[in-house]
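**Q** Have a peek at upload38.txt (compact mmCIF, C-alpha atoms and all ligand atoms).
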# COMPACT_ATOMS: atom_id res chain seq x y z
CA MET A 1 88.00 87.20 123.82
CA ALA A 2 91.57 86.35 122.97
CA LEU A 3 94.09 88.99 122.01
CA ILE A 4 96.36 87.92 119.16
CA VAL A 5 99.40 89.70 117.76
CA GLN A 6 100.23 88.71 114.19
CA LYS A 7 103.29 89.79 112.24
CA TYR A 8 103.59 89.58 108.46
CA GLY A 9 107.06 89.82 106.90
CA GLY A 10 108.23 91.54 103.74
CA THR A 11 107.48 88.76 101.26
CA SER A 12 104.01 88.31 102.75
CA VAL A 13 103.12 91.95 101.98
CA GLY A 14 105.33 92.19 98.87
CA SER A 15 102.61 93.10 96.35
CA VAL A 16 99.03 94.34 96.15
CA GLU A 17 97.80 90.74 95.76
CA ARG A 18 99.79 89.62 98.77
CA ILE A 19 98.43 92.46 100.89
CA GLN A 20 94.94 91.33 99.87
CA ASN A 21 95.85 87.78 100.90
CA VAL A 22 97.04 89.02 104.32
CA ALA A 23 93.89 91.12 104.72
CA LYS A 24 91.76 88.01 104.15
CA ARG A 25 93.69 86.09 106.81
CA VAL A 26 93.41 88.96 109.26
CA ALA A 27 89.69 89.32 108.59
CA ARG A 28 89.23 85.59 109.19
CA ALA A 29 91.03 85.74 112.54
CA SER A 30 89.04 88.77 113.63
CA LYS A 31 85.70 87.16 112.67
CA LYS A 32 86.39 84.55 115.34
CA GLY A 33 85.94 87.36 117.86
CA ASN A 34 89.61 87.89 118.62
CA GLY A 35 91.22 91.24 119.33
CA LEU A 36 93.97 91.72 116.76
CA VAL A 37 97.15 93.72 116.48
CA VAL A 38 98.84 93.20 113.12
CA VAL A 39 102.48 94.21 112.74
CA VAL A 40 103.86 94.54 109.22
CA SER A 41 107.29 94.77 107.59
CA ALA A 42 108.16 96.84 104.56
CA MET A 43 107.28 95.24 101.20
CA SER A 44 110.08 92.81 100.26
CA GLY A 45 113.15 94.53 98.88
CA GLU A 46 111.93 97.96 99.98
CA THR A 47 114.33 98.47 102.91
CA ASP A 48 117.30 97.45 100.72
CA ARG A 49 116.12 99.83 98.02
CA LEU A 50 115.99 102.74 100.47
CA VAL A 51 119.46 101.91 101.81
CA GLU A 52 120.82 101.82 98.24
CA TYR A 53 119.42 105.28 97.50
CA ALA A 54 121.18 106.65 100.58
CA ASN A 55 124.46 104.97 99.64
CA GLU A 56 124.27 106.45 96.16
CA LEU A 57 123.89 109.92 97.63
CA SER A 58 126.47 109.70 100.39
CA THR A 59 129.41 107.56 101.47
CA GLU A 60 128.48 108.04 105.13
CA PRO A 61 124.77 108.78 105.48
CA PRO A 62 124.04 109.93 109.06
CA GLU A 63 122.33 107.19 111.03
CA ARG A 64 119.62 109.52 112.28
CA GLU A 65 118.59 110.22 108.70
CA MET A 66 118.86 106.51 107.78
CA ASP A 67 116.34 105.70 110.49
CA LEU A 68 113.78 108.18 109.24
CA LEU A 69 114.32 106.86 105.73
CA MET A 70 114.11 103.17 106.56
CA SER A 71 111.09 103.52 108.84
CA SER A 72 109.05 104.72 105.87
CA GLY A 73 108.84 101.26 104.26
CA GLU A 74 106.86 99.80 107.15
CA ARG A 75 104.49 102.77 107.22
CA VAL A 76 103.56 102.19 103.60
CA SER A 77 102.65 98.55 104.27
CA ALA A 78 100.68 99.40 107.43
CA ALA A 79 98.62 102.04 105.68
CA LEU A 80 98.02 99.83 102.63
CA LEU A 81 96.88 96.89 104.76
CA SER A 82 94.55 99.09 106.77
CA ILE A 83 93.11 100.62 103.58
CA THR A 84 92.47 97.10 102.27
CA LEU A 85 90.80 95.94 105.49
CA ASN A 86 88.53 98.97 105.62
CA GLY A 87 87.63 98.37 101.98
CA MET A 88 86.51 94.88 102.98
CA GLY A 89 84.29 96.35 105.68
CA VAL A 90 86.68 95.38 108.48
CA PRO A 91 87.37 98.42 110.68
CA ALA A 92 91.11 99.00 111.14
CA GLU A 93 93.54 101.79 111.93
CA SER A 94 97.22 101.97 111.05
CA PHE A 95 99.95 103.41 113.27
CA THR A 96 103.62 104.34 113.23
CA GLY A 97 105.94 103.29 116.05
CA ARG A 98 105.74 106.73 117.59
CA GLN A 99 101.92 106.71 117.60
CA ILE A 100 101.76 103.52 119.67
CA GLY A 101 104.37 104.81 122.13
CA MET A 102 107.15 102.40 121.11
CA ILE A 103 109.92 104.02 123.18
CA THR A 104 113.51 102.97 122.48
CA ASP A 105 117.01 103.99 123.47
CA ALA A 106 118.88 106.46 121.25
CA VAL A 107 121.09 103.97 119.36
CA HIS A 108 120.20 104.53 115.72
CA MET A 109 119.79 101.52 113.40
CA LYS A 110 119.90 99.01 116.27
CA ALA A 111 117.77 100.61 118.96
CA ARG A 112 116.47 98.57 121.86
CA ILE A 113 112.90 98.85 123.05
CA ARG A 114 112.53 100.41 126.52
CA LYS A 115 108.75 100.38 126.88
CA ILE A 116 105.50 100.56 124.98
CA THR A 117 102.88 102.86 126.42
CA GLY A 118 100.19 100.94 124.54
CA GLU A 119 97.24 103.26 125.41
CA ARG A 120 96.55 104.11 121.81
CA LEU A 121 96.48 100.44 120.86
CA ARG A 122 94.12 99.61 123.71
CA ARG A 123 91.75 102.37 122.64
CA THR A 124 91.60 101.09 119.07
CA LEU A 125 91.05 97.53 120.26
CA GLY A 126 88.41 98.76 122.71
CA GLU A 127 86.53 100.30 119.79
CA GLY A 128 86.44 96.89 118.13
CA LYS A 129 88.97 97.85 115.44
CA ILE A 130 92.06 96.05 114.24
CA ALA A 131 95.31 97.88 114.98
CA VAL A 132 97.81 97.68 112.13
CA VAL A 133 101.29 98.68 113.26
CA ALA A 134 104.37 99.63 111.26
CA GLY A 135 107.10 97.31 112.57
CA PHE A 136 110.84 97.87 112.96
CA GLN A 137 110.56 101.39 114.40
CA GLY A 138 110.28 103.38 117.56
CA VAL A 139 111.10 106.77 118.91
CA ASP A 140 113.77 108.03 121.28
CA GLU A 141 111.78 109.69 124.05
CA LYS A 142 114.38 112.36 124.84
CA THR A 143 114.99 113.69 121.34
CA GLY A 144 111.85 112.57 119.54
CA ASN A 145 114.10 111.04 116.87
CA VAL A 146 112.79 108.07 114.93
CA THR A 147 114.80 104.90 115.58
CA THR A 148 114.85 101.48 113.95
CA LEU A 149 115.44 98.14 115.63
CA GLY A 150 118.03 96.51 113.33
CA ARG A 151 117.36 94.43 110.23
CA GLY A 152 114.54 91.96 110.77
CA GLY A 153 113.28 94.14 113.63
CA SER A 154 109.55 93.79 112.92
CA ASP A 155 109.66 90.40 114.66
CA THR A 156 110.81 92.22 117.78
CA SER A 157 108.13 94.91 117.43
CA ALA A 158 105.51 92.15 117.37
CA MET A 159 106.86 90.29 120.39
CA ALA A 160 107.31 93.50 122.40
CA ILE A 161 103.70 94.48 121.68
CA ALA A 162 102.50 90.98 122.60
CA VAL A 163 104.31 91.21 125.93
CA ALA A 164 103.20 94.79 126.64
CA LEU A 165 99.53 94.00 125.96
CA LYS A 166 99.75 90.58 127.65
CA ALA A 167 98.45 89.00 124.45
CA ASP A 168 97.34 85.39 124.39
CA MET A 169 99.44 84.57 121.34
CA CYS A 170 102.07 85.96 119.02
CA GLU A 171 102.16 84.58 115.49
CA ILE A 172 104.99 85.37 113.07
CA TYR A 173 103.85 84.80 109.48
CA THR A 174 106.61 84.48 106.90
CA ASP A 175 107.54 82.88 103.56
CA VAL A 176 108.45 79.49 105.05
CA ASP A 177 106.04 77.35 107.07
CA GLY A 178 108.10 77.28 110.25
CA VAL A 179 111.59 77.00 111.63
CA TYR A 180 113.57 74.32 109.81
CA THR A 181 116.63 72.26 110.71
CA THR A 182 118.46 74.66 108.42
CA ASP A 183 117.53 77.27 105.81
CA PRO A 184 115.30 75.26 103.42
CA ASN A 185 116.43 77.55 100.62
CA ILE A 186 119.95 76.13 100.99
CA ALA A 187 119.25 72.52 101.97
CA PRO A 188 116.08 71.29 100.25
CA ASN A 189 115.97 68.26 102.56
CA ALA A 190 115.70 70.46 105.67
CA ARG A 191 112.95 69.40 108.04
CA ARG A 192 110.37 71.56 109.79
CA ILE A 193 110.79 71.53 113.57
CA ASP A 194 107.48 71.18 115.46
CA ALA A 195 108.73 72.72 118.69
CA ILE A 196 112.03 74.30 119.65
CA SER A 197 113.29 75.78 122.94
CA PHE A 198 113.89 79.49 123.39
CA ASP A 199 117.58 78.78 124.05
CA GLU A 200 118.11 76.88 120.82
CA MET A 201 116.13 79.43 118.83
CA LEU A 202 118.17 82.21 120.44
CA GLU A 203 121.38 80.54 119.32
CA MET A 204 120.01 79.90 115.84
CA ALA A 205 118.85 83.49 115.44
CA SER A 206 122.05 85.00 116.76
CA LEU A 207 124.07 82.66 114.52
CA GLY A 208 122.27 83.93 111.44
CA ALA A 209 118.96 82.04 110.98
CA LYS A 210 117.05 85.13 110.02
CA VAL A 211 113.61 83.56 110.31
CA LEU A 212 113.33 85.34 113.71
CA GLN A 213 115.30 88.36 114.91
CA THR A 214 117.31 87.49 118.04
CA ARG A 215 115.72 90.20 120.17
CA SER A 216 112.24 88.84 119.50
CA VAL A 217 113.29 85.47 120.94
CA GLU A 218 114.85 87.21 123.94
CA PHE A 219 111.45 88.78 124.66
CA GLY A 220 109.83 85.36 124.36
CA LYS A 221 112.27 83.79 126.79
CA LYS A 222 112.24 86.64 129.30
CA TYR A 223 108.45 86.85 129.51
CA ASN A 224 107.72 83.22 128.65
CA MET A 225 105.59 84.24 125.67
CA PRO A 226 105.53 81.39 123.14
CA ILE A 227 106.10 82.32 119.49
CA TYR A 228 104.31 80.57 116.62
CA VAL A 229 106.17 80.74 113.30
CA LYS A 230 103.87 80.02 110.36
CA SER A 231 103.48 80.51 106.64
CA SER A 232 101.34 83.37 105.38
CA PHE A 233 100.60 81.32 102.25
CA THR A 234 99.52 77.94 103.65
CA ASP A 235 97.64 76.71 106.73
CA GLY A 236 100.16 74.34 108.34
CA GLU A 237 101.03 73.78 112.00
CA GLY A 238 104.22 75.84 111.88
CA THR A 239 106.80 75.82 114.67
CA LEU A 240 106.23 76.57 118.32
CA VAL A 241 109.13 78.32 120.08
CA THR A 242 108.70 77.67 123.76
CA GLU A 243 110.39 76.86 127.05
CA GLU A 244 112.48 73.70 127.06
CA LEU A 245 110.45 70.50 127.09
CA LYS A 246 111.82 67.21 128.40
CA GLU A 247 111.94 65.43 125.03
CA MET A 248 114.02 68.22 123.46
CA GLU A 249 117.08 67.07 125.41
CA ASP A 250 117.16 63.84 123.44
CA VAL A 251 118.07 65.66 120.27
CA LEU A 252 121.81 65.90 119.81
CA VAL A 253 122.04 68.51 117.07
CA SER A 254 118.82 70.23 116.13
CA ALA A 255 119.88 72.77 113.52
CA VAL A 256 122.56 74.24 111.30
CA ALA A 257 122.78 78.02 110.89
CA TYR A 258 124.95 80.25 108.77
CA ASP A 259 125.77 83.93 108.65
CA ARG A 260 127.23 85.66 105.63
CA ASN A 261 127.18 89.06 107.29
CA GLN A 262 130.42 88.67 109.22
CA ALA A 263 133.87 90.13 108.74
CA LYS A 264 137.16 89.11 110.31
CA ILE A 265 139.33 91.88 111.71
CA THR A 266 143.03 91.16 112.36
CA LEU A 267 145.42 93.25 114.40
CA SER A 268 148.94 92.12 113.58
CA HIS A 269 152.21 92.30 115.46
CA LEU A 270 150.81 93.65 118.72
CA PRO A 271 153.14 93.89 121.73
CA ASP A 272 152.27 90.87 123.91
CA LYS A 273 151.84 92.54 127.29
CA PRO A 274 149.08 92.95 129.86
CA GLY A 275 146.37 95.45 128.97
CA ILE A 276 146.56 95.38 125.17
CA ALA A 277 143.49 93.22 124.62
CA ALA A 278 141.66 95.25 127.25
CA GLN A 279 142.41 98.46 125.34
CA VAL A 280 141.43 97.00 121.96
CA PHE A 281 138.09 95.67 123.12
CA SER A 282 137.29 98.70 125.29
CA LEU A 283 137.69 100.93 122.23
CA VAL A 284 135.55 98.60 120.18
CA ALA A 285 132.85 98.44 122.88
CA GLU A 286 132.82 102.23 123.36
CA ASN A 287 131.88 102.50 119.70
CA GLY A 288 128.98 100.09 120.09
CA ILE A 289 130.56 97.45 117.85
CA ASN A 290 129.36 93.87 118.41
CA VAL A 291 132.32 91.53 118.66
CA ASP A 292 131.73 87.82 118.37
CA MET A 293 134.60 85.34 118.08
CA ILE A 294 138.04 86.33 119.36
CA ILE A 295 141.34 84.55 118.79
CA GLN A 296 144.75 85.55 120.12
CA ASN A 297 147.71 83.70 118.64
CA THR A 298 150.55 82.42 120.77
CA SER A 299 153.23 84.99 121.30
CA GLU A 300 156.37 85.02 119.18
CA LYS A 301 159.30 87.10 120.37
CA GLY A 302 157.02 89.28 122.46
CA PHE A 303 154.50 89.99 119.68
CA THR A 304 151.12 88.49 118.86
CA ASN A 305 148.11 88.76 116.52
CA ILE A 306 144.49 89.17 117.54
CA SER A 307 141.60 88.35 115.22
CA PHE A 308 137.91 88.81 115.88
CA THR A 309 134.64 88.90 113.97
CA VAL A 310 132.16 91.77 113.68
CA PRO A 311 128.98 92.27 111.64
CA LYS A 312 129.98 93.25 108.10
CA ASN A 313 128.23 96.61 108.30
CA GLU A 314 130.49 97.53 111.23
CA THR A 315 133.76 96.78 109.40
CA LYS A 316 134.45 100.39 108.37
CA LEU A 317 133.76 101.70 111.86
CA THR A 318 135.99 99.03 113.44
CA ILE A 319 138.93 99.89 111.20
CA LYS A 320 138.40 103.61 111.75
CA THR A 321 138.28 103.05 115.52
CA LEU A 322 141.42 100.90 115.72
CA LYS A 323 143.71 102.58 113.19
CA PRO A 324 144.95 105.38 115.48
CA PHE A 325 145.43 102.92 118.35
CA VAL A 326 147.48 100.56 116.18
CA GLY A 327 149.71 103.48 115.23
CA ASP A 328 150.12 104.61 118.84
CA ILE A 329 151.28 101.25 120.17
CA GLY A 330 153.51 100.43 117.22
CA ALA A 331 151.59 97.42 115.92
CA LYS A 332 151.90 96.47 112.27
CA GLY A 333 148.34 97.12 111.18
CA VAL A 334 144.64 96.34 111.21
CA THR A 335 143.03 94.56 108.29
CA ALA A 336 139.57 93.26 107.42
CA ASP A 337 138.53 90.11 105.56
CA GLU A 338 134.93 90.32 104.39
CA LYS A 339 134.99 87.08 102.42
CA ILE A 340 134.14 84.92 105.38
CA SER A 341 131.01 83.26 106.76
CA LYS A 342 130.11 81.53 109.93
CA VAL A 343 128.50 78.12 109.99
CA SER A 344 127.19 76.65 113.23
CA ILE A 345 125.55 73.57 114.64
CA ILE A 346 123.11 73.98 117.52
CA GLY A 347 121.47 71.56 119.95
CA VAL A 348 120.63 71.38 123.65
CA GLY A 349 121.62 67.69 123.52
CA MET A 350 125.28 68.74 123.20
CA ARG A 351 125.24 69.44 126.92
CA SER A 352 125.17 65.71 127.60
CA HIS A 353 126.97 64.24 124.59
CA THR A 354 130.58 64.17 123.53
CA GLY A 355 132.26 64.12 120.14
CA VAL A 356 129.93 66.53 118.38
CA ALA A 357 132.59 69.12 117.56
CA ALA A 358 135.05 66.46 116.38
CA LYS A 359 132.41 64.99 114.08
CA ALA A 360 131.64 68.41 112.59
CA PHE A 361 135.33 69.27 112.03
CA THR A 362 135.96 65.87 110.43
CA ALA A 363 133.05 66.31 108.04
CA LEU A 364 134.34 69.73 106.95
CA ALA A 365 137.90 68.43 106.62
CA ASP A 366 136.74 65.49 104.49
CA ALA A 367 135.16 68.05 102.15
CA SER A 368 138.43 70.08 102.09
CA ILE A 369 136.78 73.04 103.79
CA ASN A 370 139.32 75.01 105.76
CA ILE A 371 138.28 76.28 109.23
CA LYS A 372 139.66 79.74 110.02
CA MET A 373 138.20 80.26 113.51
CA ILE A 374 136.23 78.16 115.99
CA SER A 375 134.06 79.00 118.97
CA THR A 376 131.88 76.81 121.14
CA SER A 377 129.31 77.14 123.90
CA GLU A 378 127.30 74.58 125.83
CA ILE A 379 124.83 74.18 122.98
CA LYS A 380 126.67 75.26 119.82
CA VAL A 381 129.81 74.89 117.74
CA SER A 382 130.65 77.64 115.23
CA CYS A 383 133.30 77.73 112.51
CA VAL A 384 134.42 80.63 110.35
CA ILE A 385 135.06 79.48 106.78
CA SER A 386 135.39 81.07 103.37
CA VAL A 387 132.18 82.64 102.09
CA ASP A 388 132.38 80.60 98.88
CA GLU A 389 132.00 77.37 100.83
CA VAL A 390 129.15 78.22 103.11
CA ASP A 391 126.28 76.59 101.18
CA ARG A 392 128.24 73.39 100.80
CA ALA A 393 129.23 73.41 104.48
CA VAL A 394 125.62 73.86 105.56
CA ARG A 395 124.49 70.85 103.49
CA ILE A 396 127.40 68.71 104.67
CA LEU A 397 126.79 69.41 108.36
CA HIS A 398 123.04 68.95 107.91
CA ASP A 399 123.65 65.49 106.40
CA THR A 400 126.40 64.57 108.88
CA PHE A 401 123.98 64.90 111.78
CA ASN A 402 121.09 63.28 109.85
CA LEU A 403 118.90 66.31 110.30
CA ALA A 404 116.66 65.35 107.39
CA LEU A 405 115.44 62.39 109.49
CA PRO A 406 112.81 62.65 112.25
CA PRO A 407 114.54 63.40 115.60
CA LYS A 408 113.88 59.90 116.98
CA LYS A 409 115.71 58.27 114.08
CA ARG A 410 118.94 60.23 114.49
CA ALA A 411 121.34 57.92 116.29
CA VAL A 412 122.99 59.45 119.37
CA LYS A 413 125.60 58.27 121.85
CA LYS A 414 125.10 59.17 125.54
CA LYS A 415 127.90 60.78 127.57
CA LYS A 416 129.10 58.39 130.28
P1 LIG B 1 110.23 87.89 106.72
O1 LIG B 1 110.39 88.85 105.61
O2 LIG B 1 108.92 87.20 106.73
O3 LIG B 1 110.59 88.47 108.04
P2 LIG B 1 112.83 86.61 106.55
O4 LIG B 1 113.40 86.62 105.18
O5 LIG B 1 113.32 87.61 107.52
O6 LIG B 1 111.24 86.70 106.40
O7 LIG B 1 112.98 85.17 107.21
C1 LIG B 1 112.53 84.02 106.51
C2 LIG B 1 113.71 83.37 105.80
O8 LIG B 1 114.63 82.88 106.78
C3 LIG B 1 113.39 82.16 104.99
O9 LIG B 1 112.95 82.48 103.69
C4 LIG B 1 114.71 81.38 104.97
O10 LIG B 1 115.45 81.62 103.80
C5 LIG B 1 115.48 81.97 106.14
N1 LIG B 1 115.95 80.97 107.10
C6 LIG B 1 117.22 80.85 107.56
N2 LIG B 1 117.33 79.83 108.40
C7 LIG B 1 116.10 79.28 108.51
C8 LIG B 1 115.59 78.17 109.25
N3 LIG B 1 116.37 77.44 110.06
N4 LIG B 1 114.28 77.87 109.12
C9 LIG B 1 113.48 78.60 108.32
N5 LIG B 1 113.91 79.65 107.59
C10 LIG B 1 115.21 80.00 107.67
N1 LIG B 2 112.08 95.94 106.82
C1 LIG B 2 113.09 95.66 107.80
C2 LIG B 2 114.19 94.80 107.19
O1 LIG B 2 114.13 94.51 105.99
C3 LIG B 2 112.54 95.03 109.05
C4 LIG B 2 111.84 93.71 108.89
O2 LIG B 2 111.56 93.27 107.78
O3 LIG B 2 111.57 93.07 109.93
O4 LIG B 2 115.12 94.46 107.85
MG MG B 3 112.47 88.85 108.95
Translate the structure of the given file into structure tokens.
Ligand code: ADP
Ligand code: ASP
Ligand code: MG

**A**
Amino acid sequence: MALIVQKYGGTSVGSVERIQNVAKRVARASKKGNGLVVVVSAMSGETDRLVEYANELSTEPPEREMDLLMSSGERVSAALLSITLNGMGVPAESFTGRQIGMITDAVHMKARIRKITGERLRRTLGEGKIAVVAGFQGVDEKTGNVTTLGRGGSDTSAMAIAVALKADMCEIYTDVDGVYTTDPNIAPNARRIDAISFDEMLEMASLGAKVLQTRSVEFGKKYNMPIYVKSSFTDGEGTLVTEELKEMEDVLVSAVAYDRNQAKITLSHLPDKPGIAAQVFSLVAENGINVDMIIQNTSEKGFTNISFTVPKNETKLTIKTLKPFVGDIGAKGVTADEKISKVSIIGVGMRSHTGVAAKAFTALADASINIKMISTSEIKVSCVISVDEVDRAVRILHDTFNLALPPKKRAVKKKK
């Protein structure tokens, strides 16, 4: 008997009819004799709605309370799905994160999973029942506080459970039928990718392709647990996220990703002397802020500017953290620009090909899109641009690298 973990996202459980649709799919999979753990997200829009309530009631809602609040959305879906399954004569039990022993660290709103005890799940499965689990949540063992895993975290709940139970398969069901060469909602000519490496998917996810949460892909890579991304509405092949296969190297650029949830922080007129950057980024790190791109300008008369990007929801905290420091060292100030976005091209083939970055910059320049910051790694090139231009930039880069064509038809030039 195979053990399968399935995860259904917010849109897939977004209404009573959709929950019934999911229940039918789950029942079908269980009739084949498989053991099933089904992880669910909150109904679409629910997490945002809860966050809005909190923001209406407070300018700085405590994160501990936010976690208890936000975790409720997933519980509703889990209970409703289990009620539906039982009504269909399919035995099922629903669980919260705490009930299945999903132990995390104590970092509210972006907790990391430490371990899953899993006994409760095994018992339910042993009794021939389907376990329906509320995604996105865990519990801090020391304090007993409820934690959540960051937006999109139900993907990670599912992968962590799959790894902990040594499942045969983890399927992520969503509102698109796989991972595409870019967000199909932005570029209608985007192409579904049959198979993609963990490394490329990791880059895509961390650069904003929200179809999988980054941490879920990290679990896949670390434990070599393939991930199947499929539609909960149709029966297609989907996308297999797996270890790197030989033929994947032949693809120069495999995807374009974008991220609107970034802000650019600028510290201006800093004394240009050893230790300043160290102090800035130590302070930022001590406050758990995730820094991405960093630029330091060339020094002019002993002073310089430093700019870096952070997730938009950490803008306030970053400014609050750096303001006193800026005052102490006599810098001019710290400002935030939230009207930016990051657009990136990703492909393992970049390791062995030249000219990719130049081609991307030229395409953006030809479209009069100004690049504010650049960063590169072995398999990606990212540019920060104005938020108003992100959709256009995504389509331009997607067309520049012929991503609407099958991989074999995209012309590439080998590095000598
Ligand atoms: P769920 O609620 O099922 O977790 P998400 O909204 O988190 O679904 O993720 C699915 C969405 O991810 C799609 O609707 C699509 O807009 C977006 N997306 C961004 N980049 C990609 C990509 N490269 N391939 C597929 N979907 C993408
Ligand atoms: N409901 C959470 C969110 O909207 C988690 C998830 O959907 O995976 O981010
Ligand atoms: Mg998601």

**Q** Which of these residues is nearest to Lys323 of chain A, using all atoms listed in the file: A:Ile346, A:Val284, A:Lys409, A:Val310?

**A**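 Of A:Ile346, A:Val284, A:Lys409, A:Val310, the one nearest Lys323 of chain A is A:Val284, counting all atoms listed in the file.
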
**Q** Could I get the residue neighbourhood of ligand MG 3 (chain B) at 12 Å, counting all atoms listed in the file, as a compact mmCIF listing (two decimals) with C-alpha atoms, in the coordinates of the input?

**A**
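As written to disk, selection11.txt reads:
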# COMPACT_ATOMS: atom_id res chain seq x y z
CA LYS A 7 103.29 89.79 112.24
CA TYR A 8 103.59 89.58 108.46
CA GLY A 9 107.06 89.82 106.90
CA GLY A 10 108.23 91.54 103.74
CA THR A 11 107.48 88.76 101.26
CA SER A 12 104.01 88.31 102.75
CA VAL A 39 102.48 94.21 112.74
CA VAL A 40 103.86 94.54 109.22
CA SER A 41 107.29 94.77 107.59
CA ALA A 42 108.16 96.84 104.56
CA MET A 43 107.28 95.24 101.20
CA SER A 44 110.08 92.81 100.26
CA GLY A 45 113.15 94.53 98.88
CA THR A 47 114.33 98.47 102.91
CA GLY A 135 107.10 97.31 112.57
CA PHE A 136 110.84 97.87 112.96
CA LEU A 149 115.44 98.14 115.63
CA GLY A 150 118.03 96.51 113.33
CA ARG A 151 117.36 94.43 110.23
CA GLY A 152 114.54 91.96 110.77
CA GLY A 153 113.28 94.14 113.63
CA SER A 154 109.55 93.79 112.92
CA ASP A 155 109.66 90.40 114.66
CA THR A 156 110.81 92.22 117.78
CA SER A 157 108.13 94.91 117.43
CA ALA A 158 105.51 92.15 117.37
CA ILE A 172 104.99 85.37 113.07
CA TYR A 173 103.85 84.80 109.48
CA THR A 174 106.61 84.48 106.90
CA ASP A 175 107.54 82.88 103.56
CA VAL A 176 108.45 79.49 105.05
CA ALA A 205 118.85 83.49 115.44
CA GLY A 208 122.27 83.93 111.44
CA ALA A 209 118.96 82.04 110.98
CA LYS A 210 117.05 85.13 110.02
CA VAL A 211 113.61 83.56 110.31
CA LEU A 212 113.33 85.34 113.71
CA GLN A 213 115.30 88.36 114.91
CA THR A 214 117.31 87.49 118.04
CA ARG A 215 115.72 90.20 120.17
CA SER A 216 112.24 88.84 119.50
CA VAL A 229 106.17 80.74 113.30

**Q** Restricting the calculation to all atoms listed in the file: of A:Pro188, A:Gly33, A:Gly220, A:Gly118, which residue gets closest to ligand LIG 1 (chain B)?

**A**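 The answer is A:Pro188, which sits nearest to ligand LIG 1 (chain B).
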
**Q** Which is closest to Gln137 of chain A among A:Ser71, A:Thr242, A:Asn185, A:Thr309, if we use only C-alpha atoms?

**A**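 When distances to Gln137 of chain A are compared using only C-alpha atoms, the smallest one comes from A:Ser71.
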
**Q** Of the candidates A:Ala360, A:Leu322, A:Val251, A:Ala336, which one gets nearest to Ala277 of chain A if we count only C-alpha atoms?

**A** A:Leu322

**Q** Please provide as a list in words all residues within 8 Å of Ile130 of chain A, with the sequence filter that same-chain residues fewer than 3 positions apart are discarded (counting all atoms listed in the file).

**A** Ser30, Gly35, Leu36, Val37, Val38, Val90, Pro91, Ala92, Glu93, Thr124 and Leu125 of chain A

**Q** Which protein, DNA or RNA residues have an atom at most 12 Å from (129.4, 72.4, 104.4), counting only C-alpha atoms? List them as a VMD selection string.

**A** chain A and resid 182 186 to 187 256 to 258 341 to 345 360 to 371 383 to 401

**Q** How far is it from atom CA of Arg75 of chain A to atom CA of Thr96 of chain A, in Å with one decimal?

**A** 6.3 Å

**Q** Have segment 181-189 of chain A completed to N, CA, C and O atoms, please, and pass it along as a PDB file, in the frame of the given file.

**A**
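Result file part37.pdb:
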ATOM      1  N   THR A 181     115.340  72.718 110.181  1.00  0.00           N
ATOM      2  CA  THR A 181     116.630  72.260 110.710  1.00  0.00           C
ATOM      3  C   THR A 181     117.798  73.034 110.095  1.00  0.00           C
ATOM      4  O   THR A 181     118.874  73.063 110.661  1.00  0.00           O
ATOM      5  N   THR A 182     117.572  73.626 108.952  1.00  0.00           N
ATOM      6  CA  THR A 182     118.460  74.660 108.420  1.00  0.00           C
ATOM      7  C   THR A 182     117.666  75.436 107.380  1.00  0.00           C
ATOM      8  O   THR A 182     116.502  75.097 107.103  1.00  0.00           O
ATOM      9  N   ASP A 183     118.258  76.465 106.796  1.00  0.00           N
ATOM     10  CA  ASP A 183     117.530  77.270 105.810  1.00  0.00           C
ATOM     11  C   ASP A 183     117.085  76.363 104.650  1.00  0.00           C
ATOM     12  O   ASP A 183     117.918  75.836 103.909  1.00  0.00           O
ATOM     13  N   PRO A 184     115.767  76.158 104.486  1.00  0.00           N
ATOM     14  CA  PRO A 184     115.300  75.260 103.420  1.00  0.00           C
ATOM     15  C   PRO A 184     115.670  75.769 102.027  1.00  0.00           C
ATOM     16  O   PRO A 184     115.653  74.999 101.071  1.00  0.00           O
ATOM     17  N   ASN A 185     116.003  77.029 101.920  1.00  0.00           N
ATOM     18  CA  ASN A 185     116.430  77.550 100.620  1.00  0.00           C
ATOM     19  C   ASN A 185     117.855  77.134 100.267  1.00  0.00           C
ATOM     20  O   ASN A 185     118.300  77.293  99.140  1.00  0.00           O
ATOM     21  N   ILE A 186     118.590  76.601 101.246  1.00  0.00           N
ATOM     22  CA  ILE A 186     119.950  76.130 100.990  1.00  0.00           C
ATOM     23  C   ILE A 186     119.993  74.606 100.963  1.00  0.00           C
ATOM     24  O   ILE A 186     120.647  74.002 100.130  1.00  0.00           O
ATOM     25  N   ALA A 187     119.303  73.986 101.909  1.00  0.00           N
ATOM     26  CA  ALA A 187     119.250  72.520 101.970  1.00  0.00           C
ATOM     27  C   ALA A 187     117.802  72.087 101.746  1.00  0.00           C
ATOM     28  O   ALA A 187     116.978  72.175 102.661  1.00  0.00           O
ATOM     29  N   PRO A 188     117.480  71.636 100.543  1.00  0.00           N
ATOM     30  CA  PRO A 188     116.080  71.290 100.250  1.00  0.00           C
ATOM     31  C   PRO A 188     115.554  70.149 101.118  1.00  0.00           C
ATOM     32  O   PRO A 188     114.348  70.007 101.275  1.00  0.00           O
ATOM     33  N   ASN A 189     116.459  69.352 101.709  1.00  0.00           N
ATOM     34  CA  ASN A 189     115.970  68.260 102.560  1.00  0.00           C
ATOM     35  C   ASN A 189     115.814  68.681 104.028  1.00  0.00           C
ATOM     36  O   ASN A 189     115.609  67.849 104.902  1.00  0.00           O
TER      37      ASN A 189
END
